[in-house]
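Quick look at target.txt (compact mmCIF, C-alpha atoms):
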# COMPACT_ATOMS: atom_id res chain seq x y z
CA GLN Y 1 73.12 85.04 20.79
CA LYS Y 2 76.63 86.12 19.84
CA GLY Y 3 79.12 85.46 22.61
CA PHE Y 4 76.72 83.32 24.60
CA THR Y 5 76.64 79.53 24.51
CA PRO Y 6 73.87 78.05 26.65
CA VAL Y 7 74.59 74.84 28.53
CA ILE Y 8 71.55 72.66 29.28
CA MET Y 9 72.26 71.62 32.86
CA THR Y 10 69.84 71.68 35.77
CA ASP Y 11 72.37 72.77 38.37
CA VAL Y 12 73.46 75.84 36.38
CA LYS Y 13 69.98 77.01 35.45
CA PRO Y 14 69.83 79.88 38.02
CA PHE Y 15 73.20 81.08 36.74
CA LEU Y 16 71.97 81.10 33.13
CA LEU Y 17 68.88 83.09 34.05
CA TYR Y 18 71.05 85.59 35.86
CA ARG Y 19 73.32 85.99 32.76
CA VAL Y 20 70.31 86.47 30.49
CA GLU Y 21 68.73 89.08 32.77
CA LYS Y 22 72.03 90.91 33.15
CA GLU Y 23 73.01 91.03 29.48
CA TYR Y 24 69.49 91.23 28.03
CA PRO Y 25 67.30 92.87 30.69
CA MET Y 26 63.52 92.41 30.34
CA GLU Y 27 61.46 95.53 29.77
CA ARG Y 28 59.54 96.55 32.94
CA ARG Y 29 55.76 96.87 32.89
CA LYS Y 30 54.37 100.37 32.56
CA ASP Y 31 50.96 101.94 33.04
CA LYS Y 32 49.05 104.14 30.61
CA ASN Y 33 51.10 107.15 31.72
CA ASN Y 34 54.33 105.31 30.94
CA ARG Y 35 55.19 104.94 34.63
CA VAL Y 36 57.28 101.91 35.55
CA LEU Y 37 55.42 99.41 37.73
CA LYS Y 38 56.97 97.39 40.52
CA ASP Y 39 56.95 93.62 40.86
CA GLY Y 40 53.39 92.41 41.43
CA GLU Y 41 51.86 95.61 40.06
CA SER Y 42 49.88 95.77 36.82
CA TYR Y 43 47.46 98.06 35.06
CA ARG Y 44 44.23 96.52 33.76
CA GLU Y 45 43.36 98.52 30.67
CA LYS Y 46 39.81 97.22 30.26
CA GLU Y 47 38.92 97.89 33.90
CA HIS Y 48 40.85 101.17 34.12
CA ARG Y 49 42.35 100.24 37.48
CA TYR Y 50 45.56 99.00 39.05
CA MET Y 51 46.13 95.60 40.63
CA TYR Y 52 48.72 94.27 43.04
CA ARG Y 53 49.34 90.55 43.60
CA TRP Y 54 51.31 88.91 46.38
CA ILE Y 55 51.75 85.60 48.18
CA ASP Y 56 50.90 85.68 51.88
CA SER Y 57 52.15 83.57 54.78
CA ASP Y 58 49.31 81.14 54.03
CA LYS Y 59 51.14 80.37 50.70
CA LYS Y 60 48.13 81.57 48.73
CA ARG Y 61 47.98 84.26 46.07
CA HIS Y 62 46.08 87.42 46.97
CA CYS Y 63 45.30 90.57 45.07
CA THR Y 64 44.00 94.07 45.71
CA TYR Y 65 42.82 96.86 43.41
CA ALA Y 66 42.94 100.65 43.28
CA GLN Y 67 41.91 103.42 40.90
CA THR Y 68 45.23 105.24 41.14
CA LEU Y 69 48.84 104.15 41.45
CA ARG Y 70 49.28 106.25 44.59
CA GLU Y 71 46.30 104.52 46.24
CA LEU Y 72 47.63 101.10 45.19
CA ARG Y 73 51.04 101.75 46.70
CA LYS Y 74 49.47 102.90 49.98
CA LYS Y 75 47.75 99.54 50.07
CA GLU Y 76 51.03 97.80 49.21
CA ALA Y 77 52.78 99.53 52.12
CA GLU Y 78 50.04 98.37 54.52
CA ILE Y 79 50.22 94.82 53.10
CA ASN Y 80 53.99 94.67 53.49
CA ARG Y 81 53.72 96.05 57.01
CA ASN Y 82 51.17 93.37 57.86
CA LYS Y 83 53.42 90.70 56.35
CA SER Y 84 56.37 91.84 58.43
CA ASP Y 85 54.19 91.86 61.58
CA GLY Y 86 52.74 88.44 60.80
CA ILE Y 87 49.22 89.77 60.16
CA SER Y 88 47.36 87.35 57.90
CA SER Y 89 45.48 88.55 54.81
CA ALA Y 90 43.09 85.63 55.15
CA GLY Y 91 40.90 87.70 57.44
CA SER Y 92 40.81 90.82 55.26
CA ASN Y 93 37.12 90.28 54.47
CA LEU Y 94 36.24 88.79 57.85
CA ARG Y 95 33.34 90.52 59.56
CA LEU Y 96 32.83 91.00 63.29
CA ASP Y 97 29.87 88.59 63.22
CA ASP Y 98 32.18 85.91 61.75
CA VAL Y 99 34.67 86.31 64.60
CA TYR Y 100 31.81 86.32 67.11
CA LYS Y 101 30.65 82.93 65.83
CA LEU Y 102 34.17 81.59 66.26
CA TRP Y 103 34.38 83.05 69.79
CA LYS Y 104 30.98 81.62 70.70
CA LYS Y 105 31.96 78.17 69.45
CA ASN Y 106 35.21 78.04 71.44
CA LYS Y 107 34.13 79.88 74.61
CA VAL Y 108 34.25 77.39 77.48
CA GLY Y 109 34.56 77.55 81.26
CA LEU Y 110 31.72 80.03 81.84
CA LYS Y 111 28.67 79.42 83.98
CA GLN Y 112 25.68 79.02 81.70
CA SER Y 113 23.98 82.09 83.17
CA THR Y 114 27.03 84.22 82.35
CA TYR Y 115 27.33 82.69 78.88
CA VAL Y 116 23.66 83.39 78.08
CA ASN Y 117 24.07 86.96 79.34
CA TYR Y 118 27.10 87.46 77.07
CA LEU Y 119 25.15 86.20 74.05
CA TYR Y 120 22.30 88.56 74.86
CA MET Y 121 24.64 91.56 75.12
CA TYR Y 122 26.19 90.86 71.71
CA ASP Y 123 22.93 90.04 69.92
CA HIS Y 124 21.11 93.03 71.42
CA PHE Y 125 23.72 95.80 71.57
CA ILE Y 126 26.78 94.94 69.44
CA GLY Y 127 25.70 92.83 66.47
CA PRO Y 128 22.94 95.16 65.19
CA LYS Y 129 25.32 98.14 65.32
CA ILE Y 130 28.70 96.94 63.99
CA GLY Y 131 28.35 93.20 63.42
CA LYS Y 132 28.49 93.54 59.62
CA MET Y 133 31.67 95.62 59.66
CA LYS Y 134 34.95 94.10 58.50
CA ILE Y 135 37.25 93.72 61.47
CA LYS Y 136 40.08 95.46 59.63
CA ASP Y 137 37.87 98.57 59.39
CA ILE Y 138 36.97 98.67 63.11
CA ARG Y 139 38.94 101.40 64.82
CA LYS Y 140 39.06 102.80 68.33
CA SER Y 141 36.80 105.62 67.13
CA THR Y 142 34.27 103.00 65.98
CA ILE Y 143 34.09 101.50 69.48
CA LEU Y 144 33.97 104.95 71.09
CA GLY Y 145 31.07 105.92 68.83
CA LEU Y 146 29.24 102.68 69.69
CA TYR Y 147 29.59 103.20 73.45
CA ASN Y 148 28.59 106.85 73.26
CA ASP Y 149 25.54 105.91 71.22
CA LEU Y 150 24.55 103.24 73.75
CA THR Y 151 24.95 105.56 76.73
CA ARG Y 152 22.92 108.36 75.16
CA SER Y 153 19.97 106.38 73.85
CA ASN Y 154 18.58 102.98 74.69
CA ASP Y 155 15.33 101.06 74.73
CA ILE Y 156 14.02 102.46 78.01
CA GLY Y 157 15.15 106.04 77.50
CA LYS Y 158 17.48 106.07 80.51
CA THR Y 159 21.21 106.28 80.88
CA MET Y 160 22.69 102.82 80.54
CA ALA Y 161 23.80 101.32 83.83
CA ILE Y 162 27.55 101.15 84.20
CA ASN Y 163 27.58 97.39 84.84
CA THR Y 164 25.66 96.83 81.56
CA LEU Y 165 28.19 98.89 79.62
CA GLU Y 166 31.04 97.00 81.30
CA THR Y 167 29.52 93.66 80.27
CA ILE Y 168 29.09 94.85 76.66
CA HIS Y 169 32.71 96.00 76.65
CA ASN Y 170 33.91 92.71 78.12
CA VAL Y 171 32.15 90.70 75.37
CA LEU Y 172 33.36 92.92 72.53
CA ARG Y 173 36.91 92.92 73.87
CA GLN Y 174 36.96 89.11 74.03
CA VAL Y 175 35.56 88.75 70.51
CA LEU Y 176 38.11 91.15 69.00
CA GLN Y 177 40.91 89.50 70.97
CA VAL Y 178 40.22 86.33 68.96
CA ALA Y 179 41.02 88.32 65.81
CA VAL Y 180 44.23 89.62 67.43
CA ASP Y 181 45.31 86.16 68.55
CA ASP Y 182 44.64 84.72 65.08
CA ASP Y 183 46.75 87.50 63.47
CA TYR Y 184 43.85 89.10 61.59
CA ILE Y 185 44.36 92.52 63.22
CA ARG Y 186 47.38 94.06 64.89
CA LYS Y 187 45.86 95.28 68.15
CA ASN Y 188 42.54 95.27 69.99
CA PRO Y 189 40.65 98.51 69.21
CA THR Y 190 38.69 98.30 72.50
CA ASP Y 191 41.80 99.05 74.58
CA GLY Y 192 41.26 102.11 76.77
CA VAL Y 193 37.85 103.02 75.30
CA LEU Y 194 35.72 102.15 78.33
CA ARG Y 195 37.84 104.36 80.58
CA GLU Y 196 37.37 107.31 78.21
CA VAL Y 197 33.60 106.83 78.07
CA LYS Y 198 33.36 106.63 81.87
CA GLN Y 199 35.33 109.85 82.24
CA ALA Y 200 33.36 111.66 79.54
CA ASN Y 201 30.01 110.65 81.02
CA ASN Y 202 31.08 111.04 84.67
CA TYR Y 203 30.21 107.43 85.32
CA GLU Y 204 30.42 106.35 88.94
CA ARG Y 205 29.44 102.97 90.25
CA PRO Y 206 26.32 103.54 92.37
CA LYS Y 207 26.68 102.48 95.98
CA ARG Y 208 24.03 100.19 97.37
CA LYS Y 209 22.53 101.80 100.44
CA ALA Y 210 21.57 99.57 103.33
CA LEU Y 211 18.43 100.27 105.31
CA THR Y 212 19.15 102.23 108.45
CA LEU Y 213 18.52 100.49 111.75
CA GLU Y 214 15.41 102.64 112.21
CA GLN Y 215 14.09 101.74 108.75
CA GLN Y 216 14.88 98.05 109.24
CA ASN Y 217 13.05 97.91 112.57
CA ALA Y 218 10.08 99.81 111.13
CA PHE Y 219 9.83 97.37 108.19
CA VAL Y 220 9.99 94.29 110.45
CA LYS Y 221 7.41 95.77 112.86
CA PHE Y 222 5.05 96.59 109.99
CA LEU Y 223 5.19 93.01 108.63
CA LYS Y 224 4.53 91.45 112.04
CA SER Y 225 1.62 93.82 112.76
CA LYS Y 226 -0.44 92.59 109.79
CA PRO Y 227 -1.77 89.00 109.71
CA LEU Y 228 -1.95 89.39 105.91
CA TYR Y 229 1.83 89.67 105.79
CA TYR Y 230 2.63 86.86 108.24
CA ALA Y 231 4.15 84.52 105.66
CA TRP Y 232 6.18 87.38 104.19
CA SER Y 233 7.45 88.37 107.64
CA ILE Y 234 9.02 84.90 107.99
CA LEU Y 235 10.60 85.08 104.53
CA PHE Y 236 12.11 88.53 105.07
CA ALA Y 237 13.29 87.61 108.56
CA VAL Y 238 15.45 84.86 107.05
CA LEU Y 239 16.73 87.17 104.32
CA LEU Y 240 17.58 89.92 106.80
CA GLY Y 241 19.11 87.50 109.30
CA THR Y 242 21.36 85.48 106.98
CA GLY Y 243 22.59 87.92 104.33
CA CYS Y 244 22.03 85.26 101.64
CA ARG Y 245 22.11 86.15 97.98
CA ILE Y 246 18.61 85.83 96.57
CA ALA Y 247 19.55 82.80 94.42
CA GLU Y 248 20.96 81.09 97.51
CA PHE Y 249 17.84 81.96 99.49
CA VAL Y 250 15.18 80.69 97.04
CA GLY Y 251 17.17 77.46 96.64
CA LEU Y 252 17.32 76.80 100.40
CA ARG Y 253 16.06 73.28 101.30
CA TRP Y 254 15.06 71.86 104.64
CA CYS Y 255 17.98 69.42 104.47
CA ASP Y 256 20.36 72.42 104.31
CA ILE Y 257 19.31 73.41 107.84
CA ASP Y 258 21.23 71.72 110.65
CA TRP Y 259 18.97 72.13 113.70
CA GLU Y 260 21.38 70.34 115.98
CA ASN Y 261 24.40 72.52 115.20
CA ASN Y 262 22.27 75.62 114.59
CA THR Y 263 23.71 76.32 111.13
CA ILE Y 264 22.56 76.77 107.51
CA SER Y 265 24.58 75.26 104.66
CA ILE Y 266 24.85 77.32 101.47
CA ASN Y 267 25.94 74.97 98.68
CA HIS Y 268 23.95 75.84 95.54
CA ASN Y 269 21.97 78.55 93.73
CA LEU Y 270 18.50 78.34 92.27
CA VAL Y 271 18.23 80.74 89.35
CA TYR Y 272 15.36 81.62 87.03
CA ARG Y 273 16.76 82.82 83.72
CA LYS Y 274 16.79 82.49 79.97
CA HIS Y 275 18.72 79.48 78.71
CA THR Y 276 20.48 78.77 75.41
CA ASP Y 277 17.29 77.19 74.05
CA GLY Y 278 15.57 80.57 74.38
CA LYS Y 279 13.23 79.49 77.21
CA CYS Y 280 13.09 80.79 80.80
CA TYR Y 281 12.97 78.32 83.66
CA PHE Y 282 14.59 77.41 87.00
CA SER Y 283 17.91 75.60 87.18
CA VAL Y 284 20.38 74.75 89.93
CA THR Y 285 23.91 76.11 89.66
CA THR Y 286 26.99 76.31 91.84
CA PRO Y 287 27.42 79.42 94.05
CA LYS Y 288 28.67 82.60 92.43
CA THR Y 289 32.25 81.95 93.61
CA SER Y 290 34.10 79.21 95.50
CA ALA Y 291 33.74 81.38 98.61
CA GLY Y 292 29.97 81.13 98.16
CA CYS Y 293 29.97 77.59 99.57
CA ARG Y 294 29.80 78.28 103.31
CA THR Y 295 28.03 77.58 106.58
CA ILE Y 296 26.06 80.36 108.26
CA PRO Y 297 25.34 80.28 112.00
CA MET Y 298 21.62 80.78 112.70
CA MET Y 299 20.59 83.81 114.69
CA LYS Y 300 17.86 83.21 117.26
CA GLY Y 301 15.38 85.20 115.21
CA VAL Y 302 16.18 83.23 112.06
CA ARG Y 303 15.76 79.91 113.88
CA ARG Y 304 12.39 81.01 115.31
CA ALA Y 305 11.24 82.13 111.85
CA LEU Y 306 12.22 78.81 110.26
CA GLU Y 307 10.56 76.84 113.07
CA ASP Y 308 7.35 78.86 112.57
CA GLU Y 309 7.50 78.22 108.81
CA LYS Y 310 7.85 74.47 109.38
CA ILE Y 311 4.91 74.46 111.81
CA LEU Y 312 2.80 76.52 109.38
CA GLN Y 313 3.48 74.11 106.51
CA GLN Y 314 2.61 71.12 108.71
CA GLU Y 315 -0.67 72.74 109.82
CA LEU Y 316 -1.62 73.51 106.22
CA GLY Y 317 -0.41 70.11 105.02
CA VAL Y 318 1.74 71.61 102.27
CA ARG Y 319 5.25 70.85 101.08
CA CYS Y 320 7.29 71.76 98.02
CA THR Y 321 7.52 68.63 95.86
CA THR Y 322 8.80 70.38 92.73
CA VAL Y 323 12.01 68.76 91.47
CA ILE Y 324 14.58 70.97 89.75
CA ASP Y 325 17.78 69.31 88.53
CA GLY Y 326 17.36 66.66 91.25
CA TYR Y 327 16.74 69.22 94.03
CA THR Y 328 13.42 69.39 95.90
CA ASP Y 329 11.82 70.13 99.29
CA PHE Y 330 12.57 73.87 99.09
CA VAL Y 331 11.82 75.85 102.26
CA PHE Y 332 9.97 78.75 100.62
CA PHE Y 333 7.52 78.38 97.75
CA ASN Y 334 4.47 80.12 96.27
CA ARG Y 335 0.83 79.02 96.21
CA PHE Y 336 1.49 76.98 93.08
CA GLY Y 337 4.07 74.84 94.89
CA GLN Y 338 6.94 76.39 92.90
CA PRO Y 339 10.03 78.04 94.45
CA HIS Y 340 9.81 81.81 94.62
CA ASN Y 341 10.96 83.78 91.60
CA PRO Y 342 13.34 86.57 92.75
CA ALA Y 343 11.50 89.05 90.53
CA ALA Y 344 8.24 88.20 92.33
CA ILE Y 345 9.86 88.87 95.72
CA ASN Y 346 11.13 92.25 94.51
CA ARG Y 347 7.63 93.12 93.27
CA GLU Y 348 6.24 92.19 96.70
CA ILE Y 349 8.82 94.47 98.34
CA ASP Y 350 7.57 97.34 96.16
CA ARG Y 351 3.97 96.71 97.25
CA LEU Y 352 4.95 96.45 100.93
CA VAL Y 353 6.97 99.68 100.80
CA LEU Y 354 4.03 101.55 99.24
CA ALA Y 355 1.64 100.19 101.86
CA TYR Y 356 3.99 100.97 104.74
CA ASN Y 357 4.82 104.51 103.59
CA ALA Y 358 1.15 105.36 103.12
CA GLN Y 359 0.33 104.13 106.63
CA GLU Y 360 3.39 105.82 108.15
CA MET Y 361 2.54 109.20 106.61
CA GLU Y 362 -0.93 109.08 108.15
CA LYS Y 363 0.38 108.02 111.56
CA ALA Y 364 3.12 110.66 111.58
CA ALA Y 365 0.60 113.37 110.72
CA GLU Y 366 -1.71 112.24 113.55
CA GLU Y 367 1.17 112.07 116.06
CA ASN Y 368 2.79 115.29 114.80
CA ARG Y 369 6.20 113.72 114.16
CA THR Y 370 8.61 113.15 111.29
CA PRO Y 371 7.69 109.95 109.41
CA VAL Y 372 10.20 107.10 108.99
CA ILE Y 373 9.97 106.60 105.23
CA LEU Y 374 11.26 103.44 103.56
CA PRO Y 375 13.26 103.96 100.34
CA ASP Y 376 12.86 101.77 97.28
CA PHE Y 377 15.00 98.70 97.82
CA SER Y 378 15.53 95.18 96.50
CA CYS Y 379 16.33 91.73 97.82
CA HIS Y 380 20.03 92.38 97.40
CA GLN Y 381 19.85 95.45 99.61
CA LEU Y 382 18.57 93.22 102.41
CA ARG Y 383 21.84 91.27 102.06
CA HIS Y 384 23.69 94.58 102.16
CA THR Y 385 21.68 95.59 105.23
CA PHE Y 386 22.63 92.39 107.07
CA CYS Y 387 26.30 92.94 106.23
CA THR Y 388 26.12 96.53 107.46
CA ARG Y 389 24.55 95.51 110.78
CA TYR Y 390 27.19 92.79 111.13
CA CYS Y 391 30.02 95.27 110.45
CA GLU Y 392 28.66 97.54 113.17
CA ILE Y 393 29.22 94.91 115.86
CA GLU Y 394 31.93 92.53 114.55
CA PRO Y 395 35.54 93.85 114.45
CA ASN Y 396 36.96 90.75 112.70
CA ILE Y 397 36.60 91.49 108.97
CA LYS Y 398 37.73 88.00 107.96
CA VAL Y 399 34.81 86.47 109.86
CA ILE Y 400 32.39 88.84 108.10
CA GLN Y 401 33.90 87.92 104.73
CA GLU Y 402 33.41 84.19 105.35
CA VAL Y 403 29.81 84.57 106.54
CA MET Y 404 28.93 86.78 103.58
CA GLY Y 405 30.73 84.56 101.07
CA HIS Y 406 32.73 87.42 99.55
CA LYS Y 407 35.51 86.21 97.28
CA ASP Y 408 37.43 89.49 97.56
CA ILE Y 409 37.91 90.97 101.00
CA LYS Y 410 37.89 94.44 99.37
CA THR Y 411 34.12 94.05 99.01
CA THR Y 412 33.82 93.40 102.73
CA MET Y 413 36.18 96.28 103.53
CA GLU Y 414 34.09 98.77 101.54
CA ILE Y 415 30.92 97.84 103.43
CA TYR Y 416 32.81 97.81 106.73
CA ALA Y 417 34.23 101.28 106.12
CA GLU Y 418 30.81 102.66 105.24
CA ALA Y 419 29.21 101.01 108.29
CA GLN Y 420 31.87 102.39 110.61
CA LYS Y 421 31.41 105.85 109.15
CA GLU Y 422 27.67 105.79 109.83
CA LEU Y 423 28.26 104.28 113.27
CA LYS Y 424 30.71 107.06 114.10
CA GLU Y 425 28.25 109.75 113.00
CA ARG Y 426 25.48 108.14 115.05
CA SER Y 427 27.79 107.89 118.05
CA VAL Y 428 28.68 111.60 117.88
CA GLN Y 429 24.98 112.48 117.67
CA ASN Y 430 24.35 110.40 120.79
CA ILE Y 431 27.18 112.19 122.61
CA SER Y 432 25.79 115.58 121.60
CA GLY Y 433 22.56 114.68 123.34
CA LYS Y 434 24.42 114.02 126.61
CA PHE Y 435 26.18 117.37 127.05
CA ASP Y 436 26.59 120.82 125.50
CA VAL Y 437 29.82 122.49 124.45
CA TYR Y 438 28.38 125.92 123.58
This entry written out as structure tokens:
Amino acid sequence: QKGFTPVIMTDVKPFLLYRVEKEYPMERRKDKNNRVLKDGESYREKEHRYMYRWIDSDKKRHCTYAQTLRELRKKEAEINRNKSDGISSAGSNLRLDDVYKLWKKNKVGLKQSTYVNYLYMYDHFIGPKIGKMKIKDIRKSTILGLYNDLTRSNDIGKTMAINTLETIHNVLRQVLQVAVDDDYIRKNPTDGVLREVKQANNYERPKRKALTLEQQNAFVKFLKSKPLYYAWSILFAVLLGTGCRIAEFVGLRWCDIDWENNTISINHNLVYRKHTDGKCYFSVTTPKTSAGCRTIPMMKGVRRALEDEKILQQELGVRCTTVIDGYTDFVFFNRFGQPHNPAAINREIDRLVLAYNAQEMEKAAEENRTPVILPDFSCHQLRHTFCTRYCEIEPNIKVIQEVMGHKDIKTTMEIYAEAQKELKERSVQNISGKFDVY
């Protein structure tokens, strides 16, 4: 061109391009309405839509489409915002199920029972509902809707237990946190949702009620009065007199009992649950927490019960020879020579409560008195009952915590406070029977 002499040199090439652009500017792209398009924008005539191209932090070319220029530029603004915040476009089509697979692959450090429970919660409650959604489309309102749906309707037609909802939330939060950490989304949409759902549904954690002293004594007396329940009276005596968790109790072996020092060593759990292979069977695990490994002094009643059990097994010529993960010679076992399944013990409690209450109602009617009715309870409430009785007589909370194997002393304090409250009420009632004030 006139007045312009190009020089073919590599080091001046950027300068030449600048001169050409300045003196002979290129015509900008326009759409069908003659509107000037920005860099990266184009209008595809055959498809009747707009396209925007850009290079992300992964050094790869990406593109997005829109029917209108306004819609395209809204997408551009979001893309540029993500780029400035370091949010990768690589996960734009990533679904929640994809992130879940990544989380499941890399999740380590959990006890297998907890891990299997987490998988169940996702596969049963989360995946079928929102697993196919793209993670970029999951909002706080999405999670809120999911939780509300779960609390209002479920398989058994009852309100979902708060601990179940908390577990579901914990799994979903962890899965979405993987997407946050990998820069696929800006923030975790589960933040604050569980608190809102609890407030909206007036969720309160139900308190486990221990048996009263009167109910406990009535239950023990009923078991000992029936020869049919003799074996069960020994089993429940040990449960009531040690405060063991049910998994600790069913895994108790004769070698864990120190007759000389009058103690019981709690060093493992025996759990019956579903494993990663989809089958249910017993396995030995470590205690729930590090505080779970402990030594429990034997009460006189517990020692007598264990001595009677040993004598009974010797008279019958029976012994548990089942081997589970190298452990055998379990103290308590069923007629098939297998350790007791916790669910079977709970079912037996239900039968015993029905039998006792029916008998007690008849007796109370004959004796013209108020019956002592047993509430529905489980194995764990027998642990709670032991702790309550212990709190009523032991002022040292630290000692109670160690015997119970509580990791957090707050757990012990809650039971202690409740026990002292009931003890105080009972004490006032006893005083009122001694003298009148009106």
Atom CA of Arg61 of chain Y to atom CA of Gly40 of chain Y, distance in Å rounded to a single decimal: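 That distance, rounded to one decimal, is 10.8 Å.
Residues of protein, DNA and RNA with at least one atom no farther than 12 Å from (34.0, 83.0, 62.9) are, using only C-alpha atoms, Gly91, Asn93, Leu94, Arg95, Leu96, Asp97, Asp98, Val99, Tyr100, Lys101, Leu102, Trp103, Lys104, Lys105, Asn106, Gly131, Lys134, Ile135, Val175, Leu176, Val178, Ala179, Asp182 and Tyr184 of chain Y.
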Selected residue of minimal separation from Ser265 of chain Y among Y:Ala218, Y:Gly317, Y:Val403, Y:Leu194, counting only C-alpha atoms: Y:Val403
Long-range neighbours of segment 349-360 of chain Y as a ChimeraX atom specification, 10 Å cut-off, only C-alpha atoms, 3 positions minimum in chain: /Y:218-219,222-223,229,232,236,343-346,363-366,370-379
Contacts of segment 300-304 of chain Y at 10 Å (all atoms listed in the file; same-chain gap of 2+ positions) as a ChimeraX atom specification: /Y:234-242,257,259,262-264,297-298,306-310
Name the residues within 9 Å of (20.3, 80.6, 100.4), counting only C-alpha atoms in the file's coordinates, and put them as a PDB file with C-alpha atoms, in the coordinates of the input.
ATOM      1  CA  LEU Y 239      16.730  87.170 104.320  1.00  0.00           C
ATOM      2  CA  THR Y 242      21.360  85.480 106.980  1.00  0.00           C
ATOM      3  CA  GLY Y 243      22.590  87.920 104.330  1.00  0.00           C
ATOM      4  CA  CYS Y 244      22.030  85.260 101.640  1.00  0.00           C
ATOM      5  CA  ARG Y 245      22.110  86.150  97.980  1.00  0.00           C
ATOM      6  CA  ILE Y 246      18.610  85.830  96.570  1.00  0.00           C
ATOM      7  CA  ALA Y 247      19.550  82.800  94.420  1.00  0.00           C
ATOM      8  CA  GLU Y 248      20.960  81.090  97.510  1.00  0.00           C
ATOM      9  CA  PHE Y 249      17.840  81.960  99.490  1.00  0.00           C
ATOM     10  CA  VAL Y 250      15.180  80.690  97.040  1.00  0.00           C
ATOM     11  CA  GLY Y 251      17.170  77.460  96.640  1.00  0.00           C
ATOM     12  CA  LEU Y 252      17.320  76.800 100.400  1.00  0.00           C
ATOM     13  CA  ARG Y 253      16.060  73.280 101.300  1.00  0.00           C
ATOM     14  CA  ILE Y 264      22.560  76.770 107.510  1.00  0.00           C
ATOM     15  CA  SER Y 265      24.580  75.260 104.660  1.00  0.00           C
ATOM     16  CA  ILE Y 266      24.850  77.320 101.470  1.00  0.00           C
ATOM     17  CA  ASN Y 267      25.940  74.970  98.680  1.00  0.00           C
ATOM     18  CA  HIS Y 268      23.950  75.840  95.540  1.00  0.00           C
ATOM     19  CA  ASN Y 269      21.970  78.550  93.730  1.00  0.00           C
ATOM     20  CA  LEU Y 270      18.500  78.340  92.270  1.00  0.00           C
TER      21      LEU Y 270
END
For Leu211 of chain Y, the nearest of the candidates Y:Ile397, Y:Leu382, Y:Val36, Y:Leu316, counting only C-alpha atoms: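 Nearest candidate to Leu211 of chain Y out of Y:Ile397, Y:Leu382, Y:Val36, Y:Leu316: Y:Leu382.
Across Y:Phe386, Y:Tyr327, Y:Phe336, Y:Tyr65, the tightest approach to Val284 of chain Y is made by Y:Tyr327 when counting only C-alpha atoms.
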Shell around Tyr203 of chain Y at 8 Å using only C-alpha atoms, local window under 4 positions removed, as a VMD selection string: chain Y and resid 162 198 to 199
Coordinates-based distance that separates atom CA of His406 of chain Y from atom CA of Ala291 of chain Y (Å, one decimal):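 Distance reported for this atom pair: 6.2 Å.
Interatomic distance, atom CA of Lys74 of chain Y to atom CA of Tyr43 of chain Y: 15.8 Å.
Restricting the calculation to only C-alpha atoms, the smallest distance between Lys209 of chain Y and any of Y:Thr322, Y:Thr388, Y:Thr412, Y:Ser427 is found for Y:Thr388.
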Who sits within 12 Å of Gln112 of chain Y, only C-alpha atoms, same chain under 4 positions skipped, as JSON, numbers by chain: {"Y": [107, 108, 116, 117, 118, 119, 271, 272, 273, 274, 275, 276, 277, 283, 284, 285, 286, 288]}
For Gln338 of chain Y: contacts at 9 Å, only C-alpha atoms, fewer than 5 positions along chain excluded, given as a list in words: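 In the requested format, the answer is Cys320, Thr321, Thr322, Phe330, Phe332 and Phe333 of chain Y.
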Nearest residue to Glu402 of chain Y from the set Y:Ile296, Y:Lys46, Y:Ile126, Y:Leu312 (distances using only C-alpha atoms):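 Ranking Y:Ile296, Y:Lys46, Y:Ile126, Y:Leu312 by distance to Glu402 of chain Y, first place goes to Y:Ile296.
Minimum atom-to-atom distances from Y:Cys391, Y:Met299, Y:Cys293, Y:Ala419 to Gly405 of chain Y were compared using all atoms listed in the file, and the lowest value belongs to Y:Cys293.
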Which centre and which edge lengths, in Å to one decimal, describe the axis-aligned box that holds all listed atoms of segment 355-369 of chain Y after 5 Å is added on each side, as lines of an AutoDock Vina configuration file?
center_x = 2.2
center_y = 107.7
center_z = 109.0
size_x = 17.9
size_y = 25.1
size_z = 24.2
